[in-house]
$ cat target-v7.tsv   # TSV, C-alpha atoms and all ligand atoms
chain	number	residue	atom	x	y	z
A	287	MET	CA	0.00	0.00	0.00
A	288	ALA	CA	2.82	2.31	0.97
A	289	ALA	CA	4.49	1.59	-2.38
A	290	VAL	CA	1.29	2.50	-4.34
A	291	ASP	CA	0.89	5.67	-2.35
A	292	SER	CA	4.44	6.69	-3.06
A	293	PHE	CA	4.23	6.07	-6.85
A	294	PRO	CA	2.49	9.40	-7.75
A	295	LEU	CA	4.85	11.05	-5.34
A	296	LEU	CA	7.78	9.43	-7.09
A	297	LEU	CA	6.43	10.55	-10.48
A	298	ARG	CA	6.08	14.12	-9.24
A	299	GLU	CA	9.61	14.03	-7.89
A	300	VAL	CA	10.97	12.65	-11.12
A	301	GLY	CA	8.95	15.23	-13.10
A	302	ARG	CA	10.29	18.04	-10.94
A	303	SER	CA	13.89	16.97	-11.30
A	304	CYS	CA	13.40	16.45	-15.09
A	305	SER	CA	11.76	19.77	-15.74
A	306	SER	CA	15.00	21.69	-15.82
A	307	PHE	CA	16.42	19.05	-18.19
A	308	ILE	CA	13.32	19.31	-20.44
A	309	GLU	CA	13.50	23.10	-20.35
A	310	THR	CA	17.16	22.96	-21.42
A	311	LEU	CA	16.24	20.59	-24.27
A	312	ALA	CA	13.38	22.90	-25.30
A	313	LEU	CA	15.81	25.84	-25.32
A	314	ILE	CA	18.28	23.93	-27.51
A	315	GLY	CA	15.40	22.95	-29.85
A	316	ALA	CA	14.21	26.56	-30.06
A	317	PHE	CA	17.75	27.78	-30.72
A	318	TYR	CA	18.27	25.17	-33.47
A	319	THR	CA	14.90	25.99	-35.08
A	320	ALA	CA	15.65	29.72	-34.99
A	321	LYS	CA	19.13	29.13	-36.48
A	322	THR	CA	17.69	26.95	-39.28
A	323	CYS	CA	15.00	29.58	-40.00
A	324	PHE	CA	17.65	32.33	-40.20
A	325	THR	CA	19.81	30.19	-42.51
A	326	ILE	CA	16.86	29.49	-44.83
A	327	LEU	CA	15.85	33.17	-44.82
A	328	GLY	CA	19.49	34.17	-45.48
A	329	ASP	CA	19.69	31.68	-48.36
A	330	ALA	CA	16.45	32.98	-49.86
A	331	TYR	CA	17.74	36.54	-49.57
A	332	THR	CA	21.02	35.52	-51.28
A	333	LEU	CA	19.10	33.92	-54.16
A	334	ILE	CA	17.08	37.11	-54.68
A	335	ARG	CA	19.98	39.54	-54.18
A	336	VAL	CA	22.54	37.72	-56.31
A	337	HIS	CA	20.49	35.96	-58.95
A	338	LEU	CA	17.21	37.84	-59.40
A	339	ILE	CA	17.72	41.55	-58.76
A	340	PRO	CA	20.82	42.02	-60.99
A	341	ARG	CA	18.92	40.45	-63.89
A	342	LEU	CA	16.11	42.97	-63.49
A	343	LEU	CA	18.40	45.99	-63.34
A	344	LYS	CA	20.13	47.82	-66.19
A	345	ARG	CA	23.40	46.19	-67.29
A	346	PRO	CA	26.32	47.78	-65.45
A	347	ASP	CA	28.90	49.56	-67.59
A	348	PHE	CA	31.92	47.29	-67.09
A	349	VAL	CA	34.18	49.56	-69.16
A	350	LYS	CA	33.46	52.46	-66.83
A	351	LEU	CA	33.51	50.33	-63.68
A	352	TYR	CA	36.65	48.31	-64.38
A	353	GLY	CA	38.39	49.32	-67.59
A	354	LYS	CA	38.54	48.83	-71.35
A	355	TRP	CA	40.34	45.49	-71.56
A	356	ALA	CA	39.63	42.03	-70.14
A	357	VAL	CA	41.89	38.99	-70.18
A	358	VAL	CA	40.09	35.66	-70.44
A	359	THR	CA	42.15	32.49	-70.10
A	360	GLY	CA	40.96	29.23	-71.65
A	361	CYS	CA	38.63	31.01	-74.03
A	362	THR	CA	38.54	28.75	-77.09
A	363	SER	CA	35.64	26.68	-75.75
A	364	GLY	CA	33.19	26.23	-72.90
A	365	VAL	CA	32.82	28.80	-70.13
A	366	GLY	CA	35.80	30.92	-71.21
A	367	LYS	CA	34.49	31.44	-74.73
A	368	ALA	CA	30.94	32.12	-73.52
A	369	TYR	CA	32.17	34.53	-70.81
A	370	ALA	CA	34.36	36.36	-73.34
A	371	LYS	CA	31.29	36.80	-75.57
A	372	GLU	CA	29.28	38.21	-72.67
A	373	LEU	CA	32.05	40.70	-71.88
A	374	ALA	CA	32.42	41.64	-75.55
A	375	SER	CA	28.66	42.20	-75.85
A	376	ARG	CA	29.12	44.82	-73.10
A	377	GLY	CA	31.78	46.60	-75.14
A	378	VAL	CA	34.86	45.25	-73.35
A	379	ASN	CA	37.96	44.53	-75.49
A	380	ILE	CA	39.28	41.03	-74.98
A	381	VAL	CA	42.74	39.49	-74.71
A	382	LEU	CA	42.26	35.79	-75.39
A	383	ILE	CA	44.70	33.24	-73.99
A	384	SER	CA	44.80	29.52	-74.79
A	385	ARG	CA	47.10	26.97	-76.42
A	386	ASN	CA	45.79	26.85	-79.97
A	387	LYS	CA	46.48	29.78	-82.32
A	388	GLU	CA	43.90	28.83	-84.97
A	389	LYS	CA	41.12	28.39	-82.41
A	390	LEU	CA	42.07	31.65	-80.69
A	391	GLU	CA	42.00	33.57	-83.96
A	392	ALA	CA	38.62	32.06	-84.88
A	393	VAL	CA	37.11	33.18	-81.55
A	394	ALA	CA	38.73	36.62	-81.87
A	395	ARG	CA	37.24	37.05	-85.38
A	396	GLU	CA	33.81	36.01	-84.09
A	397	LEU	CA	34.00	38.61	-81.30
A	398	VAL	CA	35.18	41.40	-83.59
A	399	ASP	CA	32.49	40.64	-86.21
A	400	SER	CA	29.66	40.33	-83.68
A	401	TYR	CA	30.51	43.07	-81.19
A	402	LYS	CA	32.89	45.48	-82.97
A	403	ILE	CA	35.42	45.37	-80.15
A	404	GLU	CA	39.20	45.04	-80.22
A	405	THR	CA	40.89	41.75	-79.47
A	406	ALA	CA	44.40	40.41	-78.97
A	407	VAL	CA	45.45	36.79	-78.84
A	408	ILE	CA	48.22	35.23	-76.78
A	409	VAL	CA	49.21	31.65	-77.42
A	410	ALA	CA	50.31	30.08	-74.14
A	411	ASP	CA	50.32	26.62	-72.66
A	412	PHE	CA	49.89	27.03	-68.91
A	413	SER	CA	51.05	23.47	-68.30
A	414	LYS	CA	54.60	24.58	-69.20
A	415	GLY	CA	55.07	26.31	-65.84
A	416	ARG	CA	56.96	29.51	-65.00
A	417	GLU	CA	58.82	29.95	-68.30
A	418	ILE	CA	55.74	31.16	-70.24
A	419	TYR	CA	54.86	34.18	-68.11
A	420	PRO	CA	57.46	36.76	-69.22
A	421	ALA	CA	56.10	36.44	-72.79
A	422	ILE	CA	52.51	36.91	-71.59
A	423	GLU	CA	53.55	39.95	-69.54
A	424	LYS	CA	55.26	41.43	-72.59
A	425	ALA	CA	52.18	40.83	-74.76
A	426	LEU	CA	49.98	42.61	-72.21
A	427	LEU	CA	52.21	45.71	-72.04
A	428	GLY	CA	50.34	48.91	-72.82
A	429	LYS	CA	46.91	47.42	-72.16
A	430	ASP	CA	45.15	48.54	-69.01
A	431	ILE	CA	43.59	45.28	-67.92
A	432	GLY	CA	40.39	46.02	-66.03
A	433	ILE	CA	39.01	42.47	-65.82
A	434	LEU	CA	40.84	39.17	-65.47
A	435	VAL	CA	38.91	35.93	-65.87
A	436	ASN	CA	41.00	32.99	-64.70
A	437	ASN	CA	38.99	30.30	-66.40
A	438	ALA	CA	41.53	27.92	-67.97
A	439	GLY	CA	41.33	24.61	-66.21
A	440	VAL	CA	41.97	20.93	-66.68
A	441	PHE	CA	40.10	18.01	-65.16
A	442	TYR	CA	40.71	14.29	-64.93
A	443	SER	CA	40.11	12.22	-68.06
A	444	ARG	CA	38.64	9.57	-65.75
A	445	LEU	CA	37.83	9.59	-62.05
A	446	ASP	CA	40.69	7.86	-60.28
A	447	CYS	CA	42.55	7.52	-57.03
A	448	PHE	CA	45.64	9.58	-56.27
A	449	THR	CA	48.22	6.83	-56.93
A	450	SER	CA	46.79	6.22	-60.42
A	451	LEU	CA	47.46	9.80	-61.41
A	452	THR	CA	50.59	10.10	-63.54
A	453	GLU	CA	53.20	12.60	-62.44
A	454	ALA	CA	52.65	14.51	-65.70
A	455	LYS	CA	48.90	14.79	-65.09
A	456	MET	CA	49.47	15.88	-61.51
A	457	TRP	CA	51.78	18.72	-62.59
A	458	GLU	CA	49.36	19.69	-65.37
A	459	LEU	CA	46.58	20.08	-62.78
A	460	ILE	CA	48.85	22.11	-60.49
A	461	ASP	CA	50.31	24.30	-63.25
A	462	VAL	CA	47.02	25.04	-65.03
A	463	ASP	CA	44.47	25.04	-62.22
A	464	ILE	CA	46.64	26.72	-59.57
A	465	GLY	CA	49.77	28.20	-61.15
A	466	ALA	CA	48.15	30.00	-64.09
A	467	ALA	CA	45.53	31.82	-62.03
A	468	THR	CA	48.05	32.82	-59.37
A	469	MET	CA	50.59	34.09	-61.89
A	470	MET	CA	47.99	35.96	-63.96
A	471	ILE	CA	46.72	37.74	-60.85
A	472	HIS	CA	50.28	38.58	-59.83
A	473	MET	CA	50.77	40.11	-63.28
A	474	VAL	CA	47.65	42.29	-63.61
A	475	LEU	CA	46.76	43.21	-60.02
A	476	PRO	CA	49.43	45.93	-59.54
A	477	GLY	CA	48.02	47.84	-62.55
A	478	MET	CA	44.50	47.54	-61.17
A	479	VAL	CA	45.65	48.82	-57.78
A	480	GLN	CA	47.35	51.77	-59.49
A	481	ARG	CA	44.14	52.63	-61.38
A	482	LYS	CA	42.07	51.94	-58.24
A	483	LYS	CA	39.65	49.72	-60.13
A	484	GLY	CA	39.42	46.22	-61.54
A	485	ALA	CA	37.74	42.85	-61.26
A	486	ILE	CA	39.16	39.36	-61.04
A	487	VAL	CA	37.04	36.25	-61.54
A	488	ASN	CA	38.56	32.93	-60.54
A	489	VAL	CA	36.64	29.94	-61.83
A	490	SER	CA	36.62	27.35	-59.06
A	491	SER	CA	34.23	24.40	-58.79
A	492	LEU	CA	31.59	23.02	-56.44
A	493	SER	CA	34.06	20.22	-55.72
A	494	CYS	CA	35.99	22.79	-53.64
A	495	THR	CA	33.34	22.73	-50.95
A	496	HIS	CA	34.20	19.21	-49.70
A	497	PRO	CA	37.26	16.99	-49.91
A	498	SER	CA	36.51	14.98	-53.06
A	499	PRO	CA	38.19	11.58	-53.41
A	500	GLN	CA	38.80	10.29	-56.94
A	501	ILE	CA	39.40	13.89	-58.09
A	502	ALA	CA	41.50	14.86	-55.08
A	503	VAL	CA	44.05	17.10	-56.81
A	504	TYR	CA	41.39	18.85	-58.92
A	505	SER	CA	39.12	19.53	-55.95
A	506	ALA	CA	42.06	20.67	-53.81
A	507	SER	CA	43.23	23.01	-56.57
A	508	LYS	CA	39.74	24.52	-56.80
A	509	ASP	CA	39.72	24.92	-53.00
A	510	TYR	CA	43.02	26.78	-53.31
A	511	LEU	CA	41.45	29.12	-55.89
A	512	ASP	CA	38.40	29.65	-53.69
A	513	HIS	CA	40.55	30.53	-50.68
A	514	LEU	CA	42.90	32.70	-52.71
A	515	SER	CA	39.94	34.64	-54.15
A	516	ARG	CA	38.36	35.21	-50.77
A	517	ALA	CA	41.62	36.31	-49.18
A	518	LEU	CA	42.38	38.69	-52.06
A	519	TYR	CA	38.85	40.07	-51.89
A	520	TYR	CA	39.46	41.11	-48.29
A	521	GLU	CA	42.93	42.43	-49.10
A	522	TYR	CA	41.95	44.52	-52.11
A	523	ALA	CA	38.25	45.47	-51.79
A	524	SER	CA	39.24	48.72	-50.05
A	525	LYS	CA	41.56	49.51	-53.00
A	526	GLY	CA	38.67	49.32	-55.49
A	527	ILE	CA	39.32	45.78	-56.73
A	528	PHE	CA	36.54	43.22	-56.81
A	529	VAL	CA	37.68	39.58	-56.57
A	530	GLN	CA	35.13	36.86	-57.16
A	531	SER	CA	35.27	33.14	-56.50
A	532	LEU	CA	32.97	31.63	-59.11
A	533	ILE	CA	31.89	28.13	-58.15
A	534	PRO	CA	29.96	26.31	-60.89
A	535	ALA	CA	28.56	22.85	-60.23
A	536	PHE	CA	28.10	20.78	-63.37
A	537	LEU	CA	28.20	22.25	-66.90
A	538	SER	CA	27.73	20.64	-70.30
A	539	THR	CA	31.11	21.34	-71.84
A	540	LYS	CA	33.98	19.50	-73.49
A	541	MET	CA	35.54	18.99	-70.06
A	542	THR	CA	32.67	16.86	-68.80
A	543	ALA	CA	31.73	15.21	-72.11
A	544	PHE	CA	32.64	11.76	-70.71
A	545	ILE	CA	30.13	12.10	-67.85
A	546	ASN	CA	26.54	11.02	-68.44
A	547	LEU	CA	25.22	11.58	-64.93
A	548	PHE	CA	23.05	14.51	-65.94
A	549	PRO	CA	21.12	15.25	-69.13
A	550	LYS	CA	23.21	17.25	-71.59
A	551	GLU	CA	22.29	20.91	-71.33
A	552	GLY	CA	19.63	20.36	-68.70
A	553	PHE	CA	18.44	22.59	-65.93
A	554	ILE	CA	21.14	21.37	-63.52
A	555	SER	CA	23.80	21.00	-66.23
A	556	PRO	CA	23.44	24.10	-68.41
A	557	SER	CA	25.43	24.87	-71.53
A	558	ALA	CA	28.40	27.21	-71.13
A	559	GLU	CA	26.40	29.97	-72.86
A	560	VAL	CA	23.45	29.76	-70.45
A	561	TYR	CA	25.84	29.56	-67.51
A	562	ALA	CA	27.94	32.57	-68.59
A	563	ARG	CA	24.80	34.66	-69.22
A	564	HIS	CA	23.80	34.09	-65.59
A	565	ALA	CA	27.29	34.24	-64.07
A	566	ILE	CA	28.23	37.59	-65.54
A	567	THR	CA	25.28	39.28	-63.84
A	568	THR	CA	26.86	38.40	-60.49
A	569	LEU	CA	30.13	40.21	-61.29
A	570	GLY	CA	30.53	43.05	-58.81
A	571	ILE	CA	27.59	41.72	-56.80
A	572	SER	CA	28.80	38.57	-55.02
A	573	LYS	CA	32.35	37.76	-53.95
A	574	ARG	CA	31.55	34.03	-53.74
A	575	THR	CA	28.81	32.52	-55.84
A	576	THR	CA	27.98	29.62	-58.12
A	577	GLY	CA	26.86	32.19	-60.68
A	578	TYR	CA	23.74	30.20	-61.58
A	579	TRP	CA	20.75	29.96	-59.27
A	580	PRO	CA	20.01	26.18	-59.61
A	581	HIS	CA	23.68	25.61	-58.68
A	582	THR	CA	23.27	27.95	-55.72
A	583	ILE	CA	20.44	25.73	-54.47
A	584	LEU	CA	22.77	22.72	-54.86
A	585	PHE	CA	25.51	24.63	-53.04
A	586	MET	CA	23.15	25.43	-50.17
A	587	LEU	CA	21.99	21.81	-49.91
A	588	GLY	CA	25.63	20.70	-50.08
A	589	ASN	CA	26.30	22.67	-46.89
A	590	TYR	CA	24.17	20.11	-45.04
A	591	VAL	CA	26.12	17.14	-46.42
A	592	PRO	CA	28.88	15.92	-44.09
A	593	ASP	CA	32.31	15.26	-45.60
A	594	TRP	CA	32.04	11.47	-45.10
A	595	LEU	CA	28.76	11.31	-47.04
A	596	TRP	CA	30.14	13.47	-49.87
A	597	ALA	CA	33.27	11.29	-50.03
A	598	TRP	CA	31.16	8.12	-49.99
A	599	GLY	CA	29.12	9.51	-52.92
A	600	MET	CA	32.30	10.31	-54.87
A	601	ASN	CA	33.65	6.78	-54.33
A	602	ILE	CA	30.34	5.22	-55.44
A	603	VAL	CA	30.24	7.39	-58.56
A	604	ALA	CA	33.85	6.46	-59.36
A	605	ALA	CA	33.16	2.73	-58.88
A	606	TYR	CA	30.21	3.01	-61.27
A	607	HIS	CA	32.41	4.95	-63.68
A	608	HIS	CA	35.12	2.27	-63.65
A	609	GLU	CA	32.61	-0.53	-64.15
A	610	ARG	CA	30.77	1.11	-67.05
A	611	LYS	CA	33.65	3.22	-68.37
A	612	THR	CA	31.17	6.10	-68.24
A	613	LEU	CA	29.07	7.97	-65.68
B	701	LIG	N1	32.49	21.78	-66.97
B	701	LIG	C1	32.14	21.71	-65.69
B	701	LIG	O1	31.23	20.96	-65.30
B	701	LIG	C2	32.84	22.57	-64.68
B	701	LIG	C3	32.36	22.56	-63.37
B	701	LIG	C4	32.98	23.33	-62.42
B	701	LIG	C5	34.06	24.13	-62.77
B	701	LIG	N2	34.51	24.11	-64.05
B	701	LIG	C6	35.66	24.97	-64.38
B	701	LIG	O2	35.30	25.86	-65.41
B	701	LIG	C7	36.46	26.20	-66.18
B	701	LIG	C8	36.16	26.04	-67.65
B	701	LIG	O3	35.81	24.70	-67.90
B	701	LIG	P1	35.07	24.23	-69.23
B	701	LIG	O4	34.13	23.20	-68.81
B	701	LIG	O5	34.61	25.40	-70.01
B	701	LIG	O6	36.30	23.51	-69.97
B	701	LIG	P2	36.66	23.30	-71.50
B	701	LIG	O7	35.47	23.45	-72.38
B	701	LIG	O8	37.45	22.04	-71.54
B	701	LIG	O9	37.64	24.54	-71.78
B	701	LIG	C9	38.88	24.61	-71.19
B	701	LIG	C10	39.62	25.79	-71.77
B	701	LIG	O10	40.89	25.84	-71.13
B	701	LIG	C11	41.90	25.89	-72.13
B	701	LIG	N3	43.06	25.16	-71.67
B	701	LIG	C12	43.13	23.87	-71.28
B	701	LIG	N4	44.38	23.54	-70.96
B	701	LIG	C13	45.13	24.66	-71.16
B	701	LIG	C14	46.50	24.95	-71.01
B	701	LIG	N5	47.38	24.01	-70.63
B	701	LIG	N6	46.93	26.18	-71.31
B	701	LIG	C15	46.08	27.12	-71.74
B	701	LIG	N7	44.76	26.92	-71.88
B	701	LIG	C16	44.29	25.70	-71.60
B	701	LIG	C17	41.28	25.23	-73.37
B	701	LIG	O11	41.82	25.82	-74.54
B	701	LIG	P3	42.75	25.07	-75.61
B	701	LIG	O12	42.44	23.61	-75.52
B	701	LIG	O13	42.38	25.70	-76.92
B	701	LIG	O14	44.12	25.42	-75.17
B	701	LIG	C18	39.83	25.66	-73.25
B	701	LIG	O15	39.64	26.91	-73.86
B	701	LIG	C19	37.58	25.30	-65.66
B	701	LIG	O16	38.40	26.02	-64.78
B	701	LIG	C20	36.84	24.21	-64.92
B	701	LIG	O17	37.63	23.63	-63.91
B	701	LIG	C21	33.92	23.36	-65.01

$ encode --input "target-v7.tsv" --output "structure tokens" --more "lines below"
Ligand SMILES: NC(=O)c1ccc[n+]([C@@H]2O[C@H](COP(=O)([O-])OP(=O)(O)OC[C@H]3O[C@@H](n4cnc5c(N)ncnc54)[C@H](OP(=O)(O)O)[C@@H]3O)[C@@H](O)[C@H]2O)c1
Amino acid sequence: MAAVDSFPLLLREVGRSCSSFIETLALIGAFYTAKTCFTILGDAYTLIRVHLIPRLLKRPDFVKLYGKWAVVTGCTSGVGKAYAKELASRGVNIVLISRNKEKLEAVARELVDSYKIETAVIVADFSKGREIYPAIEKALLGKDIGILVNNAGVFYSRLDCFTSLTEAKMWELIDVDIGAATMMIHMVLPGMVQRKKGAIVNVSSLSCTHPSPQIAVYSASKDYLDHLSRALYYEYASKGIFVQSLIPAFLSTKMTAFINLFPKEGFISPSAEVYARHAITTLGISKRTTGYWPHTILFMLGNYVPDWLWAWGMNIVAAYHHERKTL
């Protein structure tokens, strides 16, 4: 009888001692909910500010804002060519840099005929390392470079683990994806600082947001570019220079032609032309962006993916790739 009598008492006691624990849990829950709500609101604001509003406004005058000339590296195909066209359509003269003289001259002719701008071509193979830069510097003499688009990049020809990468391929990735952008910035930034205006766009990749096995050197090189861009933004924003880390996800270009994961030129995997049309509207607006709103949604979702899950996904995709010889 005494035990039955004491049971409600016991419950009350337990309830009393738990209440502070429950209150703490409720507080944590409320804090987490508020934080998630703020993040979602912030993300929605970013989508509107970076991707919607600039497209509704009048095109900014890049010549006035940054200068008459732009350098675009890797401009004979894909994003570089499409971005160069977007700049040219805004009246900016273009210096085109890639490896192939005939392709460079064909793109230059197309730009001159379509947009009545001036062009210059520089043949350079960024995989050759330091020796090529004095010639590029000489070719740029006398041109006030207002915009630099570090777009040239190389990817893997198949997803593979680090030890399968040849030494030559590893150095190509380092020289083109890291070295070229760093050296080009080193070359043009002093002039921009002197003129107190300029813009630098470094084309990174969504793979920079997580360690990505099977494309480890590529993803690490894009992380380098992302960090470099953000650091330079903070160093030079007060001197009138805008540095942007541009982080596309998946694009339908020559580089990814061997991947069949996404439909060619779909909503998630746009053509270089569609991508560049969107990305250029974020120049001067966002220091770190995917440049394309469906990719920004992917980027935001990616923030919730832990590294281990991302890495697991990369390994699964690579295993599928090796089995089928395609993605
Ligand atoms: N495609 C995607 O899904 C994707 C996703 C995220 C980020 N990105 C990045 O976006 C950028 C452009 O990629 P894309 O897809 O447009 O590639 P793409 O169509 O293969 O174009 C690459 C460009 O880089 C030039 N290039 C390659 N190696 C070079 C070298 N050693 N020296 C000088 N120029 C060189 C090529 O010109 P030549 O062959 O005429 O020399 C070409 O114009 C890259 O930085 C890439 O990492 C692409």

$ atom_distance --input "target-v7.tsv" --atom1 "atom CA of Ile460 of chain A" --atom2 "atom CA of Glu559 of chain A"
26.8 Å

$ atom_distance --input "target-v7.tsv" --atom1 "atom CA of Ala394 of chain A" --atom2 "atom CA of Phe536 of chain A"
26.6 Å

$ closest_residue --input "target-v7.tsv" --among "A:Leu514, A:Val393, A:Val365, A:Leu295" --to "ligand LIG 701 (chain B)" --atoms "all atoms listed in the file"
A:Val365

$ closest_residue --input "target-v7.tsv" --among "A:Val409, A:Tyr401, A:Ala368, A:Ala421" --to "Asn386 of chain A" --atoms "only C-alpha atoms"
A:Val409

$ closest_atom_pairs --input "target-v7.tsv" --of "segment 513-572 of chain A" --to "segment 594-608 of chain A" --cutoff "10 Å" --atoms "only C-alpha atoms" --output "JSON lines"
{"residue": "A:Phe544", "atom": "CA", "partner": "A:His607", "partner_atom": "CA", "distance": 9.8}
{"residue": "A:Ile545", "atom": "CA", "partner": "A:His607", "partner_atom": "CA", "distance": 8.6}
{"residue": "A:Asn546", "atom": "CA", "partner": "A:His607", "partner_atom": "CA", "distance": 9.7}
{"residue": "A:Leu547", "atom": "CA", "partner": "A:Val603", "partner_atom": "CA", "distance": 9.1}

$ residues_near_ligand --input "target-v7.tsv" --ligand "ligand LIG 701 (chain B)" --cutoff "6 Å" --atoms "all atoms listed in the file" --output "MDAnalysis selection string"
chainID A and resid 360:366 384:386 410:413 437:440 462 489:491 534:542

$ closest_residue --input "target-v7.tsv" --among "A:Pro549, A:Leu532, A:Ser557, A:Lys371" --to "Glu396 of chain A" --atoms "only C-alpha atoms"
A:Lys371

$ atom_distance --input "target-v7.tsv" --atom1 "atom CA of Met473 of chain A" --atom2 "atom CA of Ile501 of chain A"
29.0 Å

$ residues_near_point --input "target-v7.tsv" --point "(41.1, 23.3, -57.6)" --cutoff "8 Å" --atoms "all atoms listed in the file" --output "list in words"
Asp463, Ile464, Ser490, Ser491, Ser493, Cys494, Val503, Tyr504, Ser505, Ala506, Ser507, Lys508, Asp509, Tyr510, Leu511 and Asp512 of chain A

$ residues_around --input "target-v7.tsv" --residues "Thr405 of chain A" --least-positions-apart "4" --cutoff "9 Å" --atoms "only C-alpha atoms" --output "number ranges by chain"
A: 355, 379-382, 394-395, 397-398

$ residues_around --input "target-v7.tsv" --residues "Ile326 of chain A" --least-positions-apart "5" --cutoff "12 Å" --atoms "all atoms listed in the file" --output "list in words"
Thr319, Ala320, Lys321, Tyr331, Thr332, Leu333, Ile583, Met586, Leu587, Asn589 and Tyr590 of chain A

$ closest_residue --input "target-v7.tsv" --among "A:Arg610, A:Gly484, A:Leu451, A:Leu434" --to "Ala370 of chain A" --atoms "all atoms listed in the file"
A:Leu434

$ residues_around --input "target-v7.tsv" --residues "Gly477 of chain A" --least-positions-apart "5" --cutoff "10 Å" --atoms "only C-alpha atoms" --output "list in words"
Lys429, Asp430, Ile431, Gly432, His472, Lys482, Lys483 and Gly484 of chain A

$ write_last_selection --input "target-v7.tsv" --atoms "C-alpha atoms" --output "PDB file, in the frame of the given file"
ATOM      1  CA  LYS A 429      46.910  47.420 -72.160  1.00  0.00           C
ATOM      2  CA  ASP A 430      45.150  48.540 -69.010  1.00  0.00           C
ATOM      3  CA  ILE A 431      43.590  45.280 -67.920  1.00  0.00           C
ATOM      4  CA  GLY A 432      40.390  46.020 -66.030  1.00  0.00           C
ATOM      5  CA  HIS A 472      50.280  38.580 -59.830  1.00  0.00           C
ATOM      6  CA  LYS A 482      42.070  51.940 -58.240  1.00  0.00           C
ATOM      7  CA  LYS A 483      39.650  49.720 -60.130  1.00  0.00           C
ATOM      8  CA  GLY A 484      39.420  46.220 -61.540  1.00  0.00           C
TER       9      GLY A 484
END

$ axis_aligned_box --input "target-v7.tsv" --around "segment 514-519 of chain A" --padding-each-side "6 Å" --output "lines of an AutoDock Vina configuration file"
center_x = 40.6
center_y = 36.4
center_z = -51.7
size_x = 16.5
size_y = 19.4
size_z = 17.0

$ residues_around --input "target-v7.tsv" --residues "Ala425 of chain A" --least-positions-apart "5" --cutoff "9 Å" --atoms "all atoms listed in the file" --output "list in words"
Ala406, Val407, Ile408 and Pro420 of chain A

$ residues_around --input "target-v7.tsv" --residues "Asp461 of chain A" --least-positions-apart "4" --cutoff "6 Å" --atoms "all atoms listed in the file" --output "JSON, numbers by chain"
{"A": [413, 415, 457, 465]}

$ closest_residue --input "target-v7.tsv" --among "A:Glu391, A:Ala485, A:Gly526, A:Asn436" --to "Thr468 of chain A" --atoms "only C-alpha atoms"
A:Asn436

$ closest_residue --input "target-v7.tsv" --among "A:Ala565, A:Pro476, A:Glu551, A:Pro346" --to "Val435 of chain A" --atoms "all atoms listed in the file"
A:Ala565

$ build_atoms --input "target-v7.tsv" --residues "segment 320-332 of chain A" --atoms "N, CA and C atoms" --output "PDB file, in the frame of the given file"
ATOM      1  N   ALA A 320      15.437  28.321 -34.604  1.00  0.00           N
ATOM      2  CA  ALA A 320      15.650  29.720 -34.990  1.00  0.00           C
ATOM      3  C   ALA A 320      16.850  29.828 -35.947  1.00  0.00           C
ATOM      4  N   LYS A 321      17.920  29.077 -35.645  1.00  0.00           N
ATOM      5  CA  LYS A 321      19.130  29.130 -36.480  1.00  0.00           C
ATOM      6  C   LYS A 321      18.806  28.633 -37.899  1.00  0.00           C
ATOM      7  N   THR A 322      18.042  27.508 -37.968  1.00  0.00           N
ATOM      8  CA  THR A 322      17.690  26.950 -39.280  1.00  0.00           C
ATOM      9  C   THR A 322      16.831  27.960 -40.054  1.00  0.00           C
ATOM     10  N   CYS A 323      15.870  28.598 -39.331  1.00  0.00           N
ATOM     11  CA  CYS A 323      15.000  29.580 -40.000  1.00  0.00           C
ATOM     12  C   CYS A 323      15.849  30.739 -40.544  1.00  0.00           C
ATOM     13  N   PHE A 324      16.800  31.225 -39.748  1.00  0.00           N
ATOM     14  CA  PHE A 324      17.650  32.330 -40.200  1.00  0.00           C
ATOM     15  C   PHE A 324      18.478  31.915 -41.416  1.00  0.00           C
ATOM     16  N   THR A 325      18.998  30.670 -41.381  1.00  0.00           N
ATOM     17  CA  THR A 325      19.810  30.190 -42.510  1.00  0.00           C
ATOM     18  C   THR A 325      18.955  30.148 -43.774  1.00  0.00           C
ATOM     19  N   ILE A 326      17.736  29.605 -43.641  1.00  0.00           N
ATOM     20  CA  ILE A 326      16.860  29.490 -44.830  1.00  0.00           C
ATOM     21  C   ILE A 326      16.497  30.888 -45.344  1.00  0.00           C
ATOM     22  N   LEU A 327      16.187  31.797 -44.407  1.00  0.00           N
ATOM     23  CA  LEU A 327      15.850  33.170 -44.820  1.00  0.00           C
ATOM     24  C   LEU A 327      17.057  33.825 -45.505  1.00  0.00           C
ATOM     25  N   GLY A 328      18.249  33.617 -44.913  1.00  0.00           N
ATOM     26  CA  GLY A 328      19.490  34.170 -45.480  1.00  0.00           C
ATOM     27  C   GLY A 328      19.726  33.633 -46.881  1.00  0.00           C
ATOM     28  N   ASP A 329      19.505  32.316 -47.052  1.00  0.00           N
ATOM     29  CA  ASP A 329      19.690  31.680 -48.360  1.00  0.00           C
ATOM     30  C   ASP A 329      18.709  32.261 -49.391  1.00  0.00           C
ATOM     31  N   ALA A 330      17.465  32.438 -48.947  1.00  0.00           N
ATOM     32  CA  ALA A 330      16.450  32.980 -49.860  1.00  0.00           C
ATOM     33  C   ALA A 330      16.827  34.403 -50.264  1.00  0.00           C
ATOM     34  N   TYR A 331      17.317  35.166 -49.296  1.00  0.00           N
ATOM     35  CA  TYR A 331      17.740  36.540 -49.570  1.00  0.00           C
ATOM     36  C   TYR A 331      18.909  36.545 -50.567  1.00  0.00           C
ATOM     37  N   THR A 332      19.867  35.608 -50.368  1.00  0.00           N
ATOM     38  CA  THR A 332      21.020  35.520 -51.280  1.00  0.00           C
ATOM     39  C   THR A 332      20.540  35.227 -52.701  1.00  0.00           C
TER      40      THR A 332
END
